[in-house]
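Reading through the structure tokens given below for one structure.
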Amino acid sequence: MRALLAAWVVALGLLVPLLARAQAPSRAQAIADAITELDVERAKSLLEKTDSASPTIAFERARLAIYLGDCDTASAILASAELGATPEGVGLFDLAKSCARATAGALVHDDREAGVWIRLQDEADRALVPFIVDVAVRARQRIEADLGTTLPRPLRMDLVRDLFTLSAISGLPVTAAETTGTVAVARWGRVTMISPRATHLGYPWEDTLAHEIAHLALSRATRDRAPLWLQEGVAKREETRWRDPRPLDGTPSADAVARAALVSGRSVGVDKLGPSIAMLPTPDAAATAFSEVTSFVAYWIRENGVSALHLLLTDLKGSGSDDAGAALRSVTGYDLVQWIPRWQRWLLEQPPEPAAPARTGPVSRGDDPARRVRLGDLLFSRGHSAATAQQLAAAAKLLDTEPSVRFRWARALCDAGRMPEAKAALGGQAEVRTVHGGWQALSGRFRAEGGDRGGAEGAFRLGIAVDPWSEEVACEGQWRPRRPGAELPALPQDPRRRALCEAARVLPVD
Amino acid sequence: MATTELIQRLASAWQSRVGTAARQALLTALVLAIVGGAHLARLGTPLTRAAAAGLVAVVVMAMVGRALRDRRTYLDLRSTLRAVLVPTNRELGERTLRAVNLLDRTARDDTAGSPELARVHFERLIARASLADVERTASRRARLWHGGVVLGLLAVIGAFAVGPMRVVEGLNVLCAWKGRAPMPLAWLDYMKATAEPPAYLKLPERFVYPGLESRHPAGTLLSVRGVPRRDGRRLVLTDGKLEVPFVSDGSGGVVARWTVAETSELRVAARFGQVLVYELETVPVKAVVDETPEVTLAGAPKTLKLDQIESLELTYEAGDDHGLRQVDVVMRAGDREDRRVLARLDGESTFERGNHVLTPRDPFLRRMYLPVQVTIEARDNDPITGPKWGKSAAITLVPPVVGEPEAARHASLAEARGALVDFLAWQAGRDGKDTEPASRDEVERAGRATDLVKKAIDKSYGGLTVPAGLRAFVLGQMRVLTRAAKPGESRLRRTEDVVLALDAVLRALSTKDAQSVAKRLADVVDEIANGAKQARETEQKSVGLARLDTALAAASDGAERLRVLGLLGRDLGSVAQADLGRVKRSRAADDLTHTELAARHLAARLRRPNPSFGSAQRGGVESGAPSQNGGAGGEPSDSSDRFDELAAELEKLAADHADEIGKVEQALAEAEAGVDLEGVREEAKQRADALRRALADLPQFSHTPGSARASAALGREHGTAMAESLERLSLGDAVQSGRDAMSALSEAKKRAGASDLVDPQELEDAKRELAVQLGWAEKQLTELKKNAQAKSRSATSSSGESEHELSRRAGNLASRGKNSDTALPEEALENLEKAEGLMREAARELTDGKGDRGLELQRQAQRLLEHATTGQTGDDEAEPERKPEPKPARGDRGKAMKTGGEVPRDQDKKNAEAFRRRVVEGLGTSKDGRLSPAVKRYAEGLLR
């Protein structure tokens with residue numbers, strides 16, 4: 001009897017480590033899945049319960065640290081020789097190191113109430129944080145509803161100062177980012193976005209933020225199994241759905257661009273996007289690809305309904321494989337290869353968008369708008385408003401739909417005290433072809449002065465949505481006078497915009 | 001006879017015989033121990049010395065012991081009987097001892113018997129003892145002792161016979177204290193010493209008198225010689241610490257060589273094991289150490305702000321007691337050092353004087369942000385203790401903030417552009433007057449704006465100037481602005497063109513400056529990281545923190561300056577400020593790890609000085625709207641591009657023309673080489689000899705540049721060169737050298753004063769002979785050229801056609817240089833037009849077969865072309881190249897120095913610098929290697 005008992009004890013002693021070893025991969029997979037789904041609390045809890053020192057678990061621990069934005073810890077974990085021997089370990093270690101350098105000493109704004117965590121590389125961007133939080137909360141709410149998923153709190157975000165840092169934090173090659181003009185990336189459970197101050201005329205950072213939040217939501221909803229076309233298509237769809245429609249939304253139309261690309265043979269192909277749109281060879285190719293996936297997903301949802309989208313996301317998550325074709329087939333009866341020609345046929349059936357009016361014939365060198373605009377800028381910088389207006393009037397004749405030219409012209413006239421002429425020079429929303437921060441701000445100012453406070457607010461908001469660090473935008477259509485001795489205009493009443501205006505006025509003028 | 005008396009007699013008889021003999025034997029043993037011990041002690045080891053001492057001590061103790069024992073024996077009856085009677089008659093002796101015992105017993109114990117009877121018994125027995133027997137026995141015993149004495153004495157004699165001085169030496173060694181014997185001994189006969197100073201001093205050997213103190217340079221080889229008094233001794237020369245053995249000198253004597261390193265008293269000594277026995281005589285030596293060179297730097301110590309000086313002239317003097325090898329200028333900032341050789345010397349010169357000029361554009365100074373200590377350091381030629389560096393007091397240069405000169409230049413140029421913009425605004429405000437003739441007011445306003453622009457481009461900003469190409473472009477534009485308008489020409493439009501042209505180059509310059517400043521700022525930021533690392537990882541925390549804080553302050557200032565450098569500068573500057581904010585936050589929290597990490601990130605970013613958003617203007621990917629940049633893009637002015645095209649063509653023309661000159665020169669040289677001069681070879685040789693004789697009395701060199709003696713020496717050099725050329729029948733070179741010599745001698749004559757060491761008669765004689773030979777050489781050369789010209793006619797005619805084509809190209813460029821877009825500066829245009837004329841004339845001469853005249857005109861045209869060459873707007877400012885390592889004295893360039901030419905204008909900094917280099921290099925590689933550094937410095941002095 002004793003002998004039998006002893007045999008049992010020995011057998012158990014041998015079996016327990018074997019069982020533990022067999023359990024390790026499944027535990028590691030569970031942790032990996034939790035991290036991929038951004039469920040960092042679950043991942044933490046699972047990691048706390050495991051005492052395994054296996055490289056896989058250490059790797060996941062490092063990955064979780066990166067998802068939490070703690071690149072120092074990740075770097076320390078990945079420095080081990082065992083992890084350094086694997087290609088994944090080496091890659092993640094490089095990322096953790098560059099991320100640790102890029103985020104060291106950065107300023108963190110943790111808005112627990114809103115559930116938004118923002119890390120700022122440039123302290124000067126602090127004045128923009130309330131606006132970012134506002135957009136993030138609203139966009140997240142809408143996207144969660146649209147995709148039938150809930151994003152964990154807080155939403156993490158890195159606001160960086162340049163592409164170099166974006167690359168260091170996200171791992172996206174800096175040359176690729178520079179080529180395509182990437183402004184934001186949703187990777188490692190965070191949104192990494194470039195500050196609008198990095199670009200000369202800003203960029204639509206609000207929609208970009210919504211776009212990236214949609215990526216995070218998709219990753220969570222599908223356990224990161226959504227194919228690229230679905231990722232980008234849905235993200236593009238969600239860019240503007242969180243807010244009221246704005247002038248020039250959907251201009252140019254994604255369908256029109258996709259159709260034109262298809263007709264001209266410049267199509268990138270929904271199923272030929274490569275590893276990332278940000279890694280396409282040119283900005284034009286990237287723009288075409290975005291239009292194509294936007295058009296395709298919109299078409300697909302139109303054909304199948306939003307509930308089919310929810311079903312597709314659920315199927316992708318549950319499928320356990322990266323084969324989106326099977327999920328598509330199970331949801332709609334067709335796979336991607338069959339959907340693409342259907343969409344292309346539909347595209348070709350659409351009437352082509354009327355071509356933009358052709359520019360008038362070749363202009364003489366003296367009337368070159370670029371020349372006039374530059375001369376206008378130089379004259380304005382020296383306080384010669386009348387001469388500036390003279391130059392820009394000539395430029396505006398040739399580029400009458402160009403808001404940047406109209407804005408400069410109107411600003412000069414305004415500076416010269418010729419307000420009625422300034423309002424006429426600025427023109428209305430229908431007269432410009434794109435959104436320009438300065439134009440919107442000046443338009444808002446004119447509207448406010450005309451008593452249209454609601455219209456003014458809309459214009460100010462749109463200006464901030466595009467180019468918040470422009471002084472004219474931040475200061476509600478006011479600017480520092482270039483003439484020496486002139487008085488500084490008053491700051492905006494709204495405390496958030498007042499802070500933004502004060503921060504924008506620190507920047508040197510041209 | 002009483003009993004007691006008998007006993008005393010017996011004892012006395014015994015003692016007088018045996019005791020004396022024993023004492024003699026012990027004394028002999030003592031002598032033997034001392035002599036033997038001396039031999040043993042001479043080995044010099046502690047063991048042998050102790051053994052010797054022990055031996056003597058044992059014998060002494062034996063003697064003392066015996067004396068004590070004898071004394072004790074004869075005081076006691078029983079002992080006396082035992083010592084004397086028992087050896088003589090054992091039975092009687094023992095019976096007598098028993099009788100003594102009975103006597104004692106009866107005295108103590110009444111029951112033992114009658115004391116009287118016992119005494120009687122004792123006295124009867126004693127009475128039986130025979131004095132004669134005792135004496136006989138004692139004598140026998142004494143003979144044994146005497147035998148020992150004899151043996152001992154024989155041994156002592158033997159020990160002395162081996163070598164009496166060995167005994168003395170041994171005893172001396174035995175008595176040594178702390179390795180040194182107490183008694184000096186003479187070891188050498190005929191001792192003499194000589195001193196041979198180190199070879200590098202080139203001093204003669206001298207005698208040294210033992211006993212008298214003598215002074216010698218450190219490294220002197222002192223040789224002490226003599227004849228050893230006794231063989232077999234290990235003689236050494238020692239100062240008490242070190243010792244050098246004497247070795248055979250091959251002639252019966254010995255010699256020891258001692259290198260003098262420090263002051264000491266040298267003595268000859270013999271070494272016995274660990275003991276030295278010194279010679280009586282000493283050789284006191286005082287070492288004279290080679291001193292560190294003394295260097296003085298004029299004006300040092302002082303502190304200067306780098307951005308407030310155009311150049312820093314370093315006038316130095318270096319002196320050494322024996323000779324100098326090298327003089328360096330050394331710049332140190334923090335832990336960085338830059339050392340440049342100013343002169344390599346032969347080690348004979350004990351004094352060196354020179355000048356060196358540093359400019360704020362020096363690459364090392366440009367990179368620095370910490371105060372730079374500039375010193376002159378000189379190395380001596382001491383091979384004994386190793387070369388020593390002497391160092392002057394320092395001139396401290398406080399560098400400007402990184403990017404300060406660029407920022408100042410940008411501000412100044414932007415202000416100049418602003419003045420033009422103001423002028424444009426004024427013009428635009430006069431409706432309808434644009435095509436009317438310019439009013440006086442307008443001309444004045446244009447002139448004022450132009451002056452401001454010219455002032456801005458001529459100014460130096462902490463040593464930073466406007467690049468030559470850019471300067472030429474701007475001057476060309478200013479010429480356009482101020483020239484009279486053509487009929488119907490819009491002056492407003494013209495001003496617009498000029499403003500945009502200036503704006504375009506200013507923006508290009510600011511972009512370039514921003515990139516350059518960013519890269520330099522990256523070094524400063526790296527220093528922050530290194531300081532943090534040092535503070536964190538080493539024990540030098542305070543040093544690391546000081547490094548960090550200094551660099552952080554400098555980087556913050558640099559980021560401010562970077563921010564004003566145009567669009568790119570503003571972008572990069574604000575990135576730098578953002579990241580420096582992270583660095584400062586970490587530093588404030590004493591978090592050195594993150595301080596380092598943030599700084600490393602920023603340094604890497606600044607080394608990649610691209611716009612924050614790369615080449616794209618606005619967001620295209622992952623954003624809502626791909627591109628919203630208006631249609632007002634594009635470059636508003638391409639004047640600078642067109643100007644650069646013209647400048648490139650001008651440079652190509654100058655290069656092509658230089659090639660054409662080379663072809664003509666070659667054709668003429670080949671033709672000259674074809675002319676047979678063998679007929680005059682002998683005469684030329686005789687004339688060369690005559691010339692040499694006439695020059696022989698002139699001085700060879702002078703220490704004072706600019707003196708009559710220096711000119712005379714130069715004349716001699718040129719004259720000698722002429723003689724050599726004559727011998728080689730190189731008539732062209734001979735004439736040129738002859739003219740140079742004549743000029744130098746005339747100069748010498750002019751400068752000769754009463755105090756100058758030049759004989760006027762010798763000067764006059766040399767000049768007269770030189771004139772004769774020069775006249776002959778010129779005549780021969782004219783003849784030679786005449787012949788050569790005829791031979792080279794066909795080759796030069798073909799060059800004439802090429803020259804004509806080149807002149808057409810020059811004309812075309814000149815006409816393009818008058819256009820607004822590609823306007824050349826006034827001076828460049830004039831030069832180009834003049835060059836065109838000269839080239840046309842040269843083409844005619846060459847076509848006519850007048851090769852020499854054509855070549856001369858070509859050369860003149862080439863000089864003008866080179867002056868007209870402006871460089872391009874994107875060219876960098878002429879960087880002062882790092883002075884190359886001074887070349888070995890005998891350069892091997894192989895080319896004859898060209899003469900003639902013009903000195904570039906002061907404003908033309910690039911050409912002036914190139915000219916300076918050519919002159920210095922040319923003179924520095926003169927044939928006399930020993931003098932080349934001096935000639936180089938002389939040339940540098942002249943050029944300043």
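Naming scheme: A, B, ... for chains in displayed order of the structure tokens; residues 1 onward per chain; ligands 1 onward as shown.
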
List the neighbours of Glu135 of chain B out to 12 Å using only C-alpha atoms; skip same-chain residues closer than 2 positions along the sequence, and give me the result as a compact mmCIF listing (two decimals) with C-alpha atoms, in the first residue's frame.
# COMPACT_ATOMS: atom_id res chain seq x y z
CA ARG B 9 101.94 24.20 46.62
CA LEU B 10 100.47 21.26 44.81
CA ALA B 11 97.75 23.44 43.29
CA SER B 12 100.18 26.16 42.37
CA ALA B 13 102.46 23.63 40.69
CA TRP B 14 99.52 22.37 38.66
CA GLN B 15 98.14 25.74 37.82
CA SER B 16 101.40 27.28 36.74
CA ARG B 17 101.88 24.59 34.17
CA VAL B 18 98.48 23.52 32.95
CA VAL B 84 95.34 18.23 41.01
CA LEU B 85 95.77 15.00 43.03
CA PRO B 87 95.00 13.14 37.85
CA THR B 88 98.42 12.60 39.44
CA ASN B 89 97.67 9.58 41.76
CA ALA B 129 101.27 13.36 47.94
CA SER B 130 104.41 14.12 45.96
CA LEU B 131 104.99 17.58 44.59
CA ALA B 132 107.26 16.14 41.95
CA ASP B 133 104.53 13.79 40.76
CA THR B 137 101.68 15.20 35.57
CA ALA B 138 100.96 18.90 35.07
CA SER B 139 103.83 19.27 32.65
CA ARG B 140 102.51 16.36 30.67
CA ARG B 141 99.10 17.95 30.53
CA ALA B 142 100.55 21.36 29.56

*Distance-based interface of chain A with chain B, 7 Å, counting only C-alpha atoms, as a ChimeraX atom specification*: /A:100-102,104-106,121-123,161-164,178-184,198-200,202-204,207-208,211,239,278,283,286-287,369-371,373-374,378-379,382,384,387,402,404,434

File dump, residues just selected, N, CA and C atoms, as a short mmCIF file (atom, residue, chain, number, x, y, z; two decimals), in the first residue's frame:
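Result written to result-v2.cif:
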data_model
loop_
_atom_site.label_atom_id
_atom_site.label_comp_id
_atom_site.auth_asym_id
_atom_site.auth_seq_id
_atom_site.Cartn_x
_atom_site.Cartn_y
_atom_site.Cartn_z
N ALA A 100 11.34 54.76 -25.64
CA ALA A 100 11.76 55.28 -24.32
C ALA A 100 12.48 56.61 -24.47
N ARG A 101 13.29 56.72 -25.53
CA ARG A 101 13.99 57.99 -25.76
C ARG A 101 13.01 59.10 -26.14
N ALA A 102 12.04 58.72 -26.97
CA ALA A 102 11.11 59.73 -27.48
C ALA A 102 10.11 60.19 -26.42
N ALA A 104 10.78 60.04 -22.94
CA ALA A 104 11.40 60.37 -21.65
C ALA A 104 11.09 61.81 -21.27
N GLY A 105 10.64 61.99 -20.07
CA GLY A 105 10.40 63.34 -19.56
C GLY A 105 9.20 64.04 -20.19
N ALA A 106 8.40 63.30 -20.95
CA ALA A 106 7.26 63.94 -21.61
C ALA A 106 6.18 64.28 -20.57
N GLN A 121 4.76 65.48 -26.24
CA GLN A 121 6.21 65.67 -26.42
C GLN A 121 6.56 67.15 -26.22
N ASP A 122 5.67 68.01 -26.73
CA ASP A 122 5.92 69.44 -26.66
C ASP A 122 4.95 70.06 -25.67
N GLU A 123 5.51 70.61 -24.62
CA GLU A 123 4.67 71.19 -23.57
C GLU A 123 3.81 72.33 -24.13
N ARG A 161 5.82 65.69 -31.86
CA ARG A 161 6.15 66.95 -32.50
C ARG A 161 6.56 66.79 -33.97
N ASP A 162 6.97 65.59 -34.33
CA ASP A 162 7.43 65.42 -35.71
C ASP A 162 7.36 63.95 -36.14
N LEU A 163 7.61 63.74 -37.42
CA LEU A 163 7.56 62.37 -37.94
C LEU A 163 8.64 61.49 -37.35
N PHE A 164 9.75 62.11 -37.03
CA PHE A 164 10.87 61.36 -36.45
C PHE A 164 10.41 60.69 -35.15
N GLU A 178 7.67 59.91 -44.06
CA GLU A 178 7.97 61.18 -44.74
C GLU A 178 7.44 61.16 -46.17
N THR A 179 7.58 60.02 -46.82
CA THR A 179 7.15 59.93 -48.21
C THR A 179 5.65 60.14 -48.34
N THR A 180 4.91 59.45 -47.49
CA THR A 180 3.45 59.49 -47.66
C THR A 180 2.81 60.60 -46.84
N GLY A 181 3.56 61.22 -45.96
CA GLY A 181 2.98 62.30 -45.15
C GLY A 181 2.04 61.78 -44.09
N THR A 182 2.45 60.70 -43.45
CA THR A 182 1.63 60.14 -42.38
C THR A 182 1.55 61.12 -41.21
N VAL A 183 0.35 61.29 -40.66
CA VAL A 183 0.23 62.21 -39.53
C VAL A 183 -0.15 61.49 -38.25
N ALA A 184 -0.65 60.27 -38.38
CA ALA A 184 -1.05 59.56 -37.16
C ALA A 184 -1.02 58.06 -37.41
N ALA A 198 3.23 70.91 -36.35
CA ALA A 198 4.34 70.39 -37.16
C ALA A 198 4.19 70.73 -38.63
N THR A 199 2.97 70.95 -39.07
CA THR A 199 2.76 71.25 -40.49
C THR A 199 2.50 72.74 -40.64
N HIS A 200 2.90 73.27 -41.79
CA HIS A 200 2.86 74.71 -41.98
C HIS A 200 1.44 75.26 -41.90
N GLY A 202 -1.21 73.34 -40.74
CA GLY A 202 -2.00 72.41 -39.94
C GLY A 202 -2.52 71.26 -40.79
N TYR A 203 -3.42 70.50 -40.22
CA TYR A 203 -4.09 69.41 -40.96
C TYR A 203 -5.36 69.07 -40.18
N PRO A 204 -6.31 68.35 -40.80
CA PRO A 204 -7.57 68.07 -40.10
C PRO A 204 -7.37 67.06 -38.98
N ASP A 207 -10.55 64.92 -37.40
CA ASP A 207 -10.99 63.74 -38.16
C ASP A 207 -9.93 62.65 -38.12
N THR A 208 -8.68 63.09 -38.11
CA THR A 208 -7.58 62.12 -38.03
C THR A 208 -7.66 61.34 -36.72
N HIS A 211 -10.37 58.89 -36.90
CA HIS A 211 -9.92 57.81 -37.78
C HIS A 211 -9.08 56.80 -36.98
N GLU A 239 -14.48 58.75 -39.66
CA GLU A 239 -13.78 60.04 -39.49
C GLU A 239 -14.73 61.19 -39.20
N ALA A 278 0.34 53.67 -45.22
CA ALA A 278 1.43 54.60 -44.95
C ALA A 278 2.72 54.18 -45.63
N PRO A 283 2.41 59.86 -51.93
CA PRO A 283 1.20 60.40 -51.29
C PRO A 283 -0.02 60.23 -52.19
N ALA A 286 -1.32 56.79 -51.88
CA ALA A 286 -1.98 56.65 -50.58
C ALA A 286 -3.38 57.27 -50.63
N ALA A 287 -3.49 58.45 -51.25
CA ALA A 287 -4.79 59.13 -51.33
C ALA A 287 -5.77 58.28 -52.15
N PRO A 369 0.57 83.60 -59.61
CA PRO A 369 0.01 83.74 -58.26
C PRO A 369 1.04 83.49 -57.15
N ALA A 370 1.91 82.52 -57.38
CA ALA A 370 2.92 82.24 -56.35
C ALA A 370 3.76 83.49 -56.08
N ARG A 371 4.09 84.16 -57.15
CA ARG A 371 4.89 85.38 -57.03
C ARG A 371 4.09 86.46 -56.28
N VAL A 373 1.54 86.05 -54.25
CA VAL A 373 1.31 85.67 -52.86
C VAL A 373 2.55 85.93 -52.02
N ARG A 374 3.70 85.58 -52.58
CA ARG A 374 4.92 85.78 -51.80
C ARG A 374 5.20 87.27 -51.58
N LEU A 378 5.43 89.23 -48.04
CA LEU A 378 6.57 90.08 -47.66
C LEU A 378 6.09 91.49 -47.32
N LEU A 379 5.19 92.00 -48.13
CA LEU A 379 4.69 93.35 -47.88
C LEU A 379 3.88 93.40 -46.59
N ARG A 382 5.83 93.61 -43.43
CA ARG A 382 6.40 94.93 -43.13
C ARG A 382 5.30 95.96 -42.85
N HIS A 384 2.77 96.82 -44.86
CA HIS A 384 2.26 97.56 -46.01
C HIS A 384 0.96 96.90 -46.48
N ALA A 387 -0.41 97.84 -50.18
CA ALA A 387 0.39 97.22 -51.24
C ALA A 387 0.17 95.71 -51.26
N GLU A 402 -9.34 79.68 -54.21
CA GLU A 402 -8.28 79.28 -53.28
C GLU A 402 -8.42 80.07 -51.97
N SER A 404 -6.70 80.19 -49.27
CA SER A 404 -5.51 80.79 -48.67
C SER A 404 -5.22 82.16 -49.28
N THR A 434 -11.54 74.49 -50.68
CA THR A 434 -11.03 73.65 -49.58
C THR A 434 -11.22 74.40 -48.25
#

*asked:* Need the shell around Arg329 of chain A: protein/DNA/RNA residues with any atom at most 10 Å away, counting only C-alpha atoms. Skip same-chain ones fewer than 5 positions apart. Format as an MDAnalysis selection string?
replied: chainID A and resid 312 324 334:336 338:339

Residue selection dump (C-alpha atoms) as a compact mmCIF listing (two decimals), in the first residue's frame:
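selection_0.txt, freshly written:
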# COMPACT_ATOMS: atom_id res chain seq x y z
CA LEU A 312 -18.46 40.45 -39.95
CA ALA A 324 -11.19 37.48 -43.90
CA TYR A 334 -19.41 36.25 -51.34
CA ASP A 335 -15.74 36.66 -50.60
CA LEU A 336 -13.57 39.67 -51.35
CA GLN A 338 -16.29 38.48 -55.74
CA TRP A 339 -17.14 41.75 -54.00

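When atom CA of Met165 of chain B is paired with atom CA of Arg233 of chain B, their separation reads 11.3 Å.
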
*Given the choices A:Ala416, A:Val270, A:Leu348, A:Cys99, which gets closest to Thr294 of chain A if the distance is worked out from only C-alpha atoms?*
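Using only C-alpha atoms, the shortest distance to Thr294 of chain A belongs to A:Val270.
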
*Could you please determine the separation between atom CA of Ala658 of chain B and atom CA of Asn819 of chain B in Å, to one decimal place?*
26.6 Å

*Pick the closest to Glu279 of chain B from B:Lys241, B:Arg180, B:Arg728, B:Arg366: which is it, counting only C-alpha atoms?*
B:Arg180

*Of the candidates A:Thr282, A:Thr314, A:Ser291, A:Ser443, which shows the shortest atom-to-atom distance to Ala176 of chain A, using only C-alpha atoms?*
A:Thr282

As an mmCIF file with N, CA and C atoms, in the first residue's frame, please: the residues near segment 341-351 of chain B (cut-off 8 Å, only C-alpha atoms, same-chain neighbours under 2 positions excluded).
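Final output, selection-v1.cif:
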data_model
loop_
_atom_site.group_PDB
_atom_site.id
_atom_site.type_symbol
_atom_site.label_atom_id
_atom_site.label_comp_id
_atom_site.auth_asym_id
_atom_site.auth_seq_id
_atom_site.Cartn_x
_atom_site.Cartn_y
_atom_site.Cartn_z
ATOM 1 N N TYR B 200 72.397 64.934 -28.002
ATOM 2 C CA TYR B 200 71.555 65.979 -28.560
ATOM 3 C C TYR B 200 72.025 67.383 -28.189
ATOM 4 N N GLU B 317 56.495 83.320 -28.738
ATOM 5 C CA GLU B 317 57.941 83.071 -28.654
ATOM 6 C C GLU B 317 58.130 81.852 -27.778
ATOM 7 N N ALA B 318 58.977 80.959 -28.236
ATOM 8 C CA ALA B 318 59.239 79.755 -27.457
ATOM 9 C C ALA B 318 60.743 79.613 -27.302
ATOM 10 N N GLY B 319 61.188 79.320 -26.110
ATOM 11 C CA GLY B 319 62.610 79.161 -25.867
ATOM 12 C C GLY B 319 62.871 77.933 -25.028
ATOM 13 N N ASP B 320 64.056 77.360 -25.227
ATOM 14 C CA ASP B 320 64.410 76.187 -24.444
ATOM 15 C C ASP B 320 65.912 76.249 -24.175
ATOM 16 N N ASP B 321 66.333 75.648 -23.085
ATOM 17 C CA ASP B 321 67.756 75.711 -22.753
ATOM 18 C C ASP B 321 68.609 74.907 -23.731
ATOM 19 N N HIS B 322 68.036 73.921 -24.365
ATOM 20 C CA HIS B 322 68.845 73.112 -25.272
ATOM 21 C C HIS B 322 68.349 73.106 -26.710
ATOM 22 N N GLY B 323 67.059 72.981 -26.920
ATOM 23 C CA GLY B 323 66.585 72.960 -28.306
ATOM 24 C C GLY B 323 65.110 72.614 -28.378
ATOM 25 N N LEU B 324 64.470 73.113 -29.405
ATOM 26 C CA LEU B 324 63.037 72.883 -29.579
ATOM 27 C C LEU B 324 62.804 71.920 -30.738
ATOM 28 N N ARG B 325 61.793 71.132 -30.596
ATOM 29 C CA ARG B 325 61.447 70.174 -31.644
ATOM 30 C C ARG B 325 60.167 70.556 -32.368
ATOM 31 N N GLN B 326 59.226 71.109 -31.636
ATOM 32 C CA GLN B 326 57.912 71.319 -32.230
ATOM 33 C C GLN B 326 57.180 72.441 -31.503
ATOM 34 N N VAL B 327 56.402 73.171 -32.265
ATOM 35 C CA VAL B 327 55.542 74.189 -31.663
ATOM 36 C C VAL B 327 54.122 73.921 -32.166
ATOM 37 N N ASP B 328 53.205 73.867 -31.226
ATOM 38 C CA ASP B 328 51.798 73.588 -31.575
ATOM 39 C C ASP B 328 50.905 74.714 -31.080
ATOM 40 N N VAL B 329 49.795 74.879 -31.762
ATOM 41 C CA VAL B 329 48.733 75.699 -31.177
ATOM 42 C C VAL B 329 47.686 74.702 -30.702
ATOM 43 N N ARG B 339 44.813 69.997 -31.542
ATOM 44 C CA ARG B 339 46.228 70.363 -31.514
ATOM 45 C C ARG B 339 46.724 70.442 -32.941
ATOM 46 N N ARG B 353 60.157 82.033 -32.887
ATOM 47 C CA ARG B 353 59.168 83.105 -32.796
ATOM 48 C C ARG B 353 58.257 82.967 -34.007
ATOM 49 N N HIS B 356 50.495 83.030 -35.806
ATOM 50 C CA HIS B 356 49.476 82.153 -36.371
ATOM 51 C C HIS B 356 48.143 82.882 -36.231
ATOM 52 N N ASP B 380 60.451 70.210 -26.280
ATOM 53 C CA ASP B 380 61.905 70.274 -26.418
ATOM 54 C C ASP B 380 62.438 68.972 -26.999
ATOM 55 N N ASN B 381 63.758 68.883 -27.029
ATOM 56 C CA ASN B 381 64.361 67.733 -27.710
ATOM 57 C C ASN B 381 64.997 66.767 -26.728
ATOM 58 N N GLU B 885 49.325 69.406 -42.102
ATOM 59 C CA GLU B 885 50.501 69.124 -41.285
ATOM 60 C C GLU B 885 51.717 69.722 -41.972
ATOM 61 N N PRO B 886 52.567 70.397 -41.220
ATOM 62 C CA PRO B 886 53.740 70.940 -41.875
ATOM 63 C C PRO B 886 54.479 69.838 -42.611
ATOM 64 N N ARG B 930 65.812 73.451 -44.078
ATOM 65 C CA ARG B 930 66.016 73.961 -42.730
ATOM 66 C C ARG B 930 65.323 75.304 -42.546
ATOM 67 N N PRO B 933 60.355 76.433 -42.701
ATOM 68 C CA PRO B 933 59.351 76.926 -41.759
ATOM 69 C C PRO B 933 59.473 78.438 -41.540
#

*Exercise: Val135 of chain A partners within 10 Å, only C-alpha atoms, chain neighbours under 5 positions left out, as a list in words*: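 Residues near the query, excluding close chain neighbours: Val129, Pro130, Arg140, Gln141, Trp205, Glu206, Asp207, Leu209, Ala210, Trp242, Arg243 and Ala465 of chain A.
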
*Rounded to one decimal in Å, what is the spacing between atom CA of Glu826 of chain B and atom CA of Thr450 of chain B?*
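Distance between the two atoms: 13.6 Å.
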